[in-house]
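Enquirer: Structure: model.txt, compact mmCIF, N, CA and C atoms and all ligand atoms.
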# COMPACT_ATOMS: atom_id res chain seq x y z
N MET A 16 102.54 87.02 98.72
CA MET A 16 103.06 87.79 97.57
C MET A 16 104.06 86.93 96.79
N THR A 17 103.86 86.82 95.53
CA THR A 17 104.77 86.01 94.73
C THR A 17 106.05 86.78 94.45
N LYS A 18 107.06 86.01 94.06
CA LYS A 18 108.35 86.61 93.71
C LYS A 18 108.15 87.68 92.62
N ASN A 19 107.34 87.32 91.66
CA ASN A 19 107.12 88.20 90.51
C ASN A 19 106.47 89.52 90.92
N SER A 20 105.45 89.44 91.78
CA SER A 20 104.76 90.67 92.14
C SER A 20 105.65 91.56 92.99
N LYS A 21 106.56 90.93 93.77
CA LYS A 21 107.49 91.72 94.56
C LYS A 21 108.44 92.48 93.63
N LYS A 22 108.89 91.77 92.60
CA LYS A 22 109.80 92.38 91.65
C LYS A 22 109.11 93.52 90.90
N LYS A 23 107.88 93.28 90.52
CA LYS A 23 107.14 94.28 89.75
C LYS A 23 106.63 95.40 90.64
N GLY A 24 106.42 95.11 91.92
CA GLY A 24 105.89 96.11 92.83
C GLY A 24 104.39 95.94 93.01
N SER A 25 103.91 96.39 94.15
CA SER A 25 102.47 96.32 94.42
C SER A 25 101.75 97.34 93.54
N LYS A 26 100.44 97.23 93.54
CA LYS A 26 99.63 98.13 92.71
C LYS A 26 99.90 99.60 93.07
N ILE A 27 99.94 99.88 94.36
CA ILE A 27 100.16 101.29 94.75
C ILE A 27 101.58 101.74 94.44
N GLU A 28 102.54 100.81 94.52
CA GLU A 28 103.92 101.17 94.12
C GLU A 28 103.96 101.52 92.64
N LEU A 29 103.21 100.78 91.84
CA LEU A 29 103.19 101.07 90.40
C LEU A 29 102.53 102.42 90.13
N PHE A 30 101.45 102.72 90.84
CA PHE A 30 100.81 104.04 90.69
C PHE A 30 101.82 105.13 91.05
N SER A 31 102.55 104.88 92.13
CA SER A 31 103.52 105.87 92.60
C SER A 31 104.62 106.08 91.57
N ARG A 32 105.15 104.97 91.02
CA ARG A 32 106.20 105.08 89.99
C ARG A 32 105.68 105.83 88.76
N GLU A 33 104.47 105.49 88.34
CA GLU A 33 103.90 106.15 87.15
C GLU A 33 103.73 107.65 87.40
N SER A 34 103.36 107.99 88.62
CA SER A 34 103.19 109.40 88.96
C SER A 34 104.53 110.14 88.89
N LEU A 35 105.59 109.52 89.42
CA LEU A 35 106.92 110.15 89.36
C LEU A 35 107.38 110.29 87.91
N ILE A 36 107.10 109.28 87.11
CA ILE A 36 107.48 109.33 85.69
C ILE A 36 106.73 110.46 84.98
N SER A 37 105.44 110.59 85.28
CA SER A 37 104.65 111.62 84.60
C SER A 37 105.12 113.02 85.00
N HIS A 38 105.80 113.11 86.14
CA HIS A 38 106.36 114.41 86.56
C HIS A 38 107.84 114.53 86.17
N ASP A 39 108.34 113.58 85.38
CA ASP A 39 109.75 113.59 84.93
C ASP A 39 110.74 113.59 86.09
N ILE A 40 110.40 112.89 87.15
CA ILE A 40 111.31 112.83 88.30
C ILE A 40 112.03 111.47 88.30
N PRO A 41 113.35 111.49 88.10
CA PRO A 41 114.08 110.22 88.09
C PRO A 41 114.13 109.61 89.48
N PHE A 42 113.96 108.30 89.55
CA PHE A 42 113.96 107.63 90.85
C PHE A 42 114.50 106.21 90.68
N LEU A 43 114.85 105.61 91.80
CA LEU A 43 115.20 104.20 91.82
C LEU A 43 114.10 103.47 92.58
N PRO A 44 113.55 102.40 92.00
CA PRO A 44 112.53 101.64 92.72
C PRO A 44 113.16 100.60 93.64
N ASN A 45 112.53 100.36 94.75
CA ASN A 45 112.93 99.30 95.69
C ASN A 45 114.43 99.29 95.96
N VAL A 46 114.90 100.37 96.53
CA VAL A 46 116.33 100.50 96.78
C VAL A 46 116.59 100.72 98.26
N PHE A 47 117.66 100.10 98.75
CA PHE A 47 118.05 100.22 100.15
C PHE A 47 118.73 101.56 100.35
N VAL A 48 118.25 102.35 101.32
CA VAL A 48 118.80 103.69 101.48
C VAL A 48 119.43 103.88 102.86
N ALA A 49 120.56 104.57 102.85
CA ALA A 49 121.27 104.99 104.07
C ALA A 49 121.56 103.81 105.02
N ASP A 50 121.71 102.62 104.49
CA ASP A 50 121.95 101.43 105.31
C ASP A 50 120.86 101.21 106.35
N ILE A 51 119.65 101.69 106.07
CA ILE A 51 118.59 101.62 107.08
C ILE A 51 117.45 100.70 106.64
N CYS A 52 116.87 100.98 105.48
CA CYS A 52 115.74 100.17 105.02
C CYS A 52 115.52 100.41 103.53
N GLU A 53 114.62 99.60 102.98
CA GLU A 53 114.32 99.76 101.56
C GLU A 53 113.23 100.83 101.39
N ALA A 54 113.47 101.71 100.42
CA ALA A 54 112.43 102.67 100.05
C ALA A 54 111.71 102.11 98.83
N ASP A 55 110.41 102.35 98.73
CA ASP A 55 109.67 101.89 97.55
C ASP A 55 110.16 102.63 96.32
N GLN A 56 110.45 103.92 96.49
CA GLN A 56 111.14 104.68 95.46
C GLN A 56 112.07 105.67 96.17
N ALA A 57 113.23 105.88 95.60
CA ALA A 57 114.15 106.88 96.15
C ALA A 57 114.54 107.86 95.07
N ILE A 58 114.39 109.15 95.38
CA ILE A 58 114.94 110.19 94.53
C ILE A 58 116.29 110.44 95.17
N TYR A 59 117.28 109.68 94.69
CA TYR A 59 118.48 109.45 95.47
C TYR A 59 119.30 110.71 95.74
N ASP A 60 119.57 111.47 94.69
CA ASP A 60 120.42 112.64 94.87
C ASP A 60 119.76 113.70 95.76
N ALA A 61 118.45 113.73 95.75
CA ALA A 61 117.72 114.70 96.57
C ALA A 61 117.41 114.12 97.96
N LYS A 62 117.82 112.87 98.17
CA LYS A 62 117.60 112.20 99.47
C LYS A 62 116.12 112.24 99.89
N ILE A 63 115.28 111.82 98.96
CA ILE A 63 113.85 111.69 99.28
C ILE A 63 113.46 110.22 99.14
N ALA A 64 112.93 109.67 100.22
CA ALA A 64 112.48 108.28 100.21
C ALA A 64 110.96 108.26 100.20
N VAL A 65 110.40 107.53 99.24
CA VAL A 65 108.94 107.41 99.16
C VAL A 65 108.55 106.02 99.67
N MET A 66 107.64 106.00 100.61
CA MET A 66 107.12 104.75 101.15
C MET A 66 105.62 104.67 100.85
N CYS A 67 105.24 103.61 100.12
CA CYS A 67 103.83 103.39 99.82
C CYS A 67 103.33 102.35 100.82
N ASP A 68 102.67 102.81 101.85
CA ASP A 68 102.28 101.91 102.95
C ASP A 68 100.90 101.31 102.74
N GLY A 69 100.87 99.99 102.60
CA GLY A 69 99.60 99.29 102.49
C GLY A 69 98.82 99.44 103.79
N CYS A 70 97.51 99.72 103.68
CA CYS A 70 96.69 99.98 104.87
C CYS A 70 96.71 98.78 105.83
N HIS A 71 96.62 97.59 105.29
CA HIS A 71 96.56 96.38 106.11
C HIS A 71 97.90 96.11 106.80
N TRP A 72 98.98 96.15 106.06
CA TRP A 72 100.28 95.77 106.58
C TRP A 72 100.89 96.81 107.51
N HIS A 73 100.59 98.08 107.25
CA HIS A 73 101.27 99.15 107.99
C HIS A 73 100.39 99.83 109.03
N ASP A 74 99.24 99.20 109.33
CA ASP A 74 98.39 99.68 110.42
C ASP A 74 97.80 101.07 110.17
N CYS A 75 97.18 101.21 109.03
CA CYS A 75 96.48 102.47 108.74
C CYS A 75 95.45 102.75 109.84
N PRO A 76 95.40 103.99 110.32
CA PRO A 76 94.47 104.32 111.41
C PRO A 76 93.01 104.07 111.02
N THR A 77 92.69 104.18 109.73
CA THR A 77 91.31 104.04 109.27
C THR A 77 90.94 102.61 108.90
N HIS A 78 91.87 101.87 108.26
CA HIS A 78 91.49 100.59 107.66
C HIS A 78 92.09 99.35 108.29
N ALA A 79 93.02 99.50 109.21
CA ALA A 79 93.62 98.30 109.83
C ALA A 79 92.88 97.95 111.10
N LYS A 80 93.06 96.70 111.54
CA LYS A 80 92.37 96.24 112.75
C LYS A 80 93.26 96.39 113.98
N HIS A 81 94.43 96.97 113.78
CA HIS A 81 95.37 97.24 114.88
C HIS A 81 95.72 96.00 115.67
N LYS A 82 95.98 94.92 114.96
CA LYS A 82 96.46 93.70 115.62
C LYS A 82 97.90 93.94 116.06
N PRO A 83 98.36 93.15 117.04
CA PRO A 83 99.72 93.38 117.57
C PRO A 83 100.80 93.44 116.49
N TRP A 84 100.74 92.55 115.50
CA TRP A 84 101.79 92.56 114.46
C TRP A 84 101.68 93.79 113.57
N GLN A 85 100.45 94.31 113.41
CA GLN A 85 100.30 95.54 112.62
C GLN A 85 100.87 96.73 113.40
N ILE A 86 100.61 96.74 114.68
CA ILE A 86 101.13 97.82 115.53
C ILE A 86 102.67 97.76 115.55
N ALA A 87 103.20 96.53 115.62
CA ALA A 87 104.67 96.37 115.61
C ALA A 87 105.25 96.91 114.31
N ARG A 88 104.58 96.63 113.20
CA ARG A 88 105.05 97.12 111.89
C ARG A 88 105.03 98.65 111.87
N SER A 89 103.97 99.21 112.43
CA SER A 89 103.82 100.66 112.47
C SER A 89 104.94 101.30 113.32
N ILE A 90 105.27 100.66 114.43
CA ILE A 90 106.35 101.17 115.28
C ILE A 90 107.68 101.12 114.53
N LEU A 91 107.90 100.00 113.82
CA LEU A 91 109.12 99.86 113.02
C LEU A 91 109.17 100.95 111.94
N ASP A 92 108.04 101.20 111.29
CA ASP A 92 107.98 102.26 110.27
C ASP A 92 108.42 103.59 110.86
N GLY A 93 107.91 103.88 112.05
CA GLY A 93 108.24 105.14 112.71
C GLY A 93 109.73 105.24 113.02
N LYS A 94 110.30 104.12 113.48
CA LYS A 94 111.74 104.10 113.79
C LYS A 94 112.58 104.30 112.53
N GLN A 95 112.15 103.64 111.45
CA GLN A 95 112.89 103.78 110.19
C GLN A 95 112.80 105.20 109.67
N THR A 96 111.63 105.80 109.79
CA THR A 96 111.47 107.20 109.35
C THR A 96 112.41 108.10 110.13
N LYS A 97 112.43 107.93 111.46
CA LYS A 97 113.31 108.77 112.30
C LYS A 97 114.78 108.56 111.93
N ALA A 98 115.16 107.29 111.70
CA ALA A 98 116.57 106.99 111.37
C ALA A 98 116.93 107.62 110.02
N LEU A 99 116.03 107.53 109.05
CA LEU A 99 116.29 108.12 107.73
C LEU A 99 116.40 109.65 107.85
N GLU A 100 115.51 110.23 108.62
CA GLU A 100 115.55 111.69 108.79
C GLU A 100 116.85 112.11 109.48
N ALA A 101 117.29 111.30 110.44
CA ALA A 101 118.55 111.61 111.14
C ALA A 101 119.73 111.53 110.16
N ALA A 102 119.57 110.70 109.12
CA ALA A 102 120.62 110.55 108.11
C ALA A 102 120.47 111.59 106.99
N GLY A 103 119.55 112.53 107.16
CA GLY A 103 119.42 113.62 106.21
C GLY A 103 118.40 113.37 105.10
N TRP A 104 117.64 112.31 105.23
CA TRP A 104 116.63 112.00 104.21
C TRP A 104 115.29 112.61 104.56
N THR A 105 114.53 112.95 103.52
CA THR A 105 113.13 113.34 103.68
C THR A 105 112.31 112.10 103.37
N VAL A 106 111.43 111.76 104.28
CA VAL A 106 110.63 110.54 104.10
C VAL A 106 109.18 110.92 103.80
N LEU A 107 108.71 110.42 102.70
CA LEU A 107 107.33 110.68 102.28
C LEU A 107 106.56 109.37 102.42
N ARG A 108 105.74 109.30 103.43
CA ARG A 108 104.94 108.08 103.65
C ARG A 108 103.51 108.32 103.20
N LEU A 109 103.04 107.48 102.31
CA LEU A 109 101.67 107.64 101.83
C LEU A 109 100.89 106.36 102.05
N TRP A 110 99.65 106.53 102.49
CA TRP A 110 98.79 105.38 102.70
C TRP A 110 98.25 104.88 101.37
N GLU A 111 98.05 103.58 101.34
CA GLU A 111 97.43 102.93 100.19
C GLU A 111 96.13 103.65 99.80
N HIS A 112 95.29 103.99 100.80
CA HIS A 112 93.99 104.60 100.46
C HIS A 112 94.17 105.99 99.84
N ASP A 113 95.23 106.69 100.23
CA ASP A 113 95.47 108.01 99.63
C ASP A 113 95.98 107.87 98.19
N ILE A 114 96.85 106.89 97.95
CA ILE A 114 97.37 106.68 96.59
C ILE A 114 96.25 106.18 95.68
N ASN A 115 95.40 105.29 96.22
CA ASN A 115 94.29 104.79 95.40
C ASN A 115 93.29 105.89 95.06
N ALA A 116 93.12 106.83 95.98
CA ALA A 116 92.17 107.93 95.75
C ALA A 116 92.74 108.97 94.78
N ASP A 117 94.07 109.04 94.72
CA ASP A 117 94.72 110.06 93.90
C ASP A 117 96.03 109.49 93.36
N HIS A 118 95.97 108.93 92.15
CA HIS A 118 97.14 108.23 91.59
C HIS A 118 98.33 109.15 91.36
N ASP A 119 98.10 110.45 91.38
CA ASP A 119 99.19 111.39 91.08
C ASP A 119 99.76 112.04 92.35
N ILE A 120 99.34 111.57 93.49
CA ILE A 120 99.70 112.25 94.75
C ILE A 120 101.21 112.25 94.99
N VAL A 121 101.89 111.16 94.64
CA VAL A 121 103.33 111.06 94.93
C VAL A 121 104.13 112.05 94.09
N GLY A 122 103.86 112.07 92.79
CA GLY A 122 104.59 112.98 91.91
C GLY A 122 104.42 114.43 92.32
N ARG A 123 103.18 114.78 92.65
CA ARG A 123 102.93 116.17 93.07
C ARG A 123 103.65 116.49 94.38
N ALA A 124 103.62 115.55 95.32
CA ALA A 124 104.25 115.79 96.63
C ALA A 124 105.76 115.92 96.48
N VAL A 125 106.38 115.03 95.69
CA VAL A 125 107.83 115.09 95.50
C VAL A 125 108.20 116.38 94.76
N GLU A 126 107.43 116.70 93.74
CA GLU A 126 107.70 117.92 92.99
C GLU A 126 107.61 119.15 93.90
N ALA A 127 106.64 119.16 94.80
CA ALA A 127 106.49 120.29 95.74
C ALA A 127 107.73 120.40 96.64
N ILE A 128 108.24 119.27 97.11
CA ILE A 128 109.44 119.29 97.96
C ILE A 128 110.63 119.83 97.18
N LEU A 129 110.80 119.36 95.94
CA LEU A 129 111.93 119.79 95.12
C LEU A 129 111.83 121.29 94.79
N ARG A 130 110.60 121.73 94.53
CA ARG A 130 110.40 123.15 94.20
C ARG A 130 110.70 124.01 95.42
N GLU A 131 110.24 123.54 96.57
CA GLU A 131 110.46 124.27 97.82
C GLU A 131 111.96 124.41 98.11
N ARG A 132 112.72 123.37 97.76
CA ARG A 132 114.17 123.43 97.96
C ARG A 132 114.89 124.19 96.84
N GLY A 133 114.15 124.53 95.80
CA GLY A 133 114.75 125.24 94.68
C GLY A 133 115.61 124.37 93.78
N ILE A 134 115.38 123.05 93.79
CA ILE A 134 116.22 122.15 92.98
C ILE A 134 115.40 121.34 91.96
N LEU A 135 114.18 121.78 91.73
CA LEU A 135 113.31 121.02 90.82
C LEU A 135 113.97 120.79 89.46
N GLU A 136 114.49 121.86 88.85
CA GLU A 136 115.06 121.72 87.51
C GLU A 136 116.42 121.01 87.52
N LEU A 137 117.08 121.01 88.67
CA LEU A 137 118.34 120.26 88.77
C LEU A 137 118.08 118.76 88.76
N VAL A 138 116.99 118.38 89.40
CA VAL A 138 116.70 116.95 89.53
C VAL A 138 116.14 116.37 88.24
N LYS A 139 115.36 117.18 87.51
CA LYS A 139 114.72 116.59 86.33
C LYS A 139 114.97 117.36 85.04
N PRO A 140 116.25 117.62 84.73
CA PRO A 140 116.51 118.36 83.50
C PRO A 140 116.55 117.46 82.26
N ASP A 141 116.79 116.17 82.45
CA ASP A 141 117.11 115.31 81.33
C ASP A 141 115.96 114.36 81.02
N ARG A 142 115.22 114.68 79.99
CA ARG A 142 114.06 113.84 79.63
C ARG A 142 114.50 112.46 79.14
N THR A 143 115.69 112.38 78.57
CA THR A 143 116.20 111.09 78.10
C THR A 143 116.33 110.12 79.27
N LEU A 144 116.81 110.67 80.38
CA LEU A 144 116.99 109.83 81.57
C LEU A 144 115.66 109.29 82.07
N SER A 145 114.66 110.18 82.15
CA SER A 145 113.37 109.68 82.64
C SER A 145 112.76 108.70 81.64
N GLY A 146 113.13 108.83 80.35
CA GLY A 146 112.70 107.86 79.35
C GLY A 146 113.22 106.47 79.67
N ILE A 147 114.45 106.42 80.16
CA ILE A 147 115.05 105.13 80.55
C ILE A 147 114.25 104.53 81.71
N PHE A 148 113.93 105.37 82.68
CA PHE A 148 113.16 104.87 83.83
C PHE A 148 111.80 104.36 83.37
N LYS A 149 111.19 105.06 82.44
CA LYS A 149 109.87 104.66 81.97
C LYS A 149 109.93 103.28 81.34
N GLN A 150 111.00 103.06 80.54
CA GLN A 150 111.14 101.73 79.92
C GLN A 150 111.26 100.65 80.97
N GLU A 151 111.99 100.95 82.05
CA GLU A 151 112.15 99.98 83.12
C GLU A 151 110.79 99.58 83.72
N VAL A 152 109.97 100.60 83.97
CA VAL A 152 108.68 100.35 84.62
C VAL A 152 107.70 99.66 83.67
N ASP A 153 107.81 99.98 82.37
CA ASP A 153 106.87 99.40 81.40
C ASP A 153 107.14 97.92 81.11
N LYS A 154 108.32 97.43 81.52
CA LYS A 154 108.68 96.04 81.22
C LYS A 154 107.67 95.05 81.80
ZN ZN B 1 93.89 103.19 104.85
For the file at hand, write its structure as structure tokens.
Expert:
Amino acid sequence: MTKNSKKKGSKIELFSRESLISHDIPFLPNVFVADICEADQAIYDAKIAVMCDGCHWHDCPTHAKHKPWQIARSILDGKQTKALEAAGWTVLRLWEHDINADHDIVGRAVEAILRERGILELVKPDRTLSGIFKQEVDK
């Protein structure tokens, strides 16, 4: 992975960001949360961490070959999820194949969590703010 692609995000990270933008949900991309690990996107005030897990790297049950390093990565993912949850975060882990099959899955899932908590309109009242995020992603 080149420096540039890391900065811009993987294809599934970009789909995920676009989905959050289309749902007017403000987020921070590639941000370190709760002193534990980096989230691909964080809806910070609502303490929701979105992880876009590549099938190959994160040992997808369907598409990975379950090599020792993939299994190790998967174990680490599980530990990070537990640590984030212990710190009060909701962790949304999505497989690459699920994001590729449904580019809007992240926005819908986050919106459902916010609605369930009754804070949907608190999180996304300001369209100007999400406009700023959109400009960031379009760069
Ligand atoms: Zn997969």
Enquirer: Go through A:Ile90, A:Cys67, A:Ala102, A:Ala49 one by one, measure the shortest atom-to-atom distance of each to ligand ZN 1 (chain B) using only C-alpha atoms and all ligand atoms, and give the residue with the smallest value.
Expert: A:Cys67
Enquirer: Hey, which residues sit close to ligand ZN 1 (chain B)? Say within 8 Å, counting only N, CA and C atoms and all ligand atoms, and write them as an NGL selection string.
Expert: :A and (68-71 or 74-79 or 110-113)
Enquirer: Any chance you could list, as a ChimeraX atom specification, the residues in chain A that come up alpha helix (DSSP H) when DSSP is run on the backbone?
Expert: /A:18-23,26-37,83-101,111-116,120-132,135-138,142-153
Enquirer: Mind giving me the straight-line distance from CA of Asp92 (chain A) to CA of Phe42 (chain A) in Å, one decimal?
Expert: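 We find that CA of Asp92 (chain A) and CA of Phe42 (chain A) lie 21.0 Å from each other.
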Enquirer: Between atom N of Arg88 (chain A) and atom N of Ile58 (chain A), what is the spacing in Å?
Expert: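 It comes out at 23.9 Å.
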Enquirer: Atom C of Gln56 (chain A) to atom N of Ile120 (chain A): how many Å, to one decimal?
Expert: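 Separation between atom C of Gln56 (chain A) and atom N of Ile120 (chain A): 14.3 Å.
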Enquirer: Determine which residues of chain A DSSP labels as strand (DSSP E or B) from the backbone of this structure, then write them out as a list of chain:residue names.
Expert: A:Leu43, A:Pro44, A:Asn45, A:Val46, A:Phe47, A:Val48, A:Cys52, A:Glu53, A:Ala54, A:Asp55, A:Gln56, A:Ala57, A:Ile58, A:Ile63, A:Ala64, A:Val65, A:Met66, A:Cys67, A:Asp68, A:Thr105, A:Val106, A:Leu107, A:Arg108, A:Leu109, A:Trp110
Enquirer: Take the point (118.0, 113.9, 104.4) as written in the file and pick out every residue within 9 Å of it, counting only C-alpha atoms; give the list as a list of chain:residue names.
Expert: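 It turns out the residues near that spot are A:Ala61, A:Lys62, A:Ile63, A:Ala64, A:Leu99, A:Glu100, A:Ala101, A:Ala102, A:Gly103, A:Trp104, A:Thr105, A:Val106.
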Enquirer: Got a sec: who's within 9 Å of His118 (chain A), counting only C-alpha atoms, leaving out chain neighbours fewer than 2 positions off, as an MDAnalysis selection string?
Expert: chainID A and resid 27 30:31 33:34 113:116 120:122
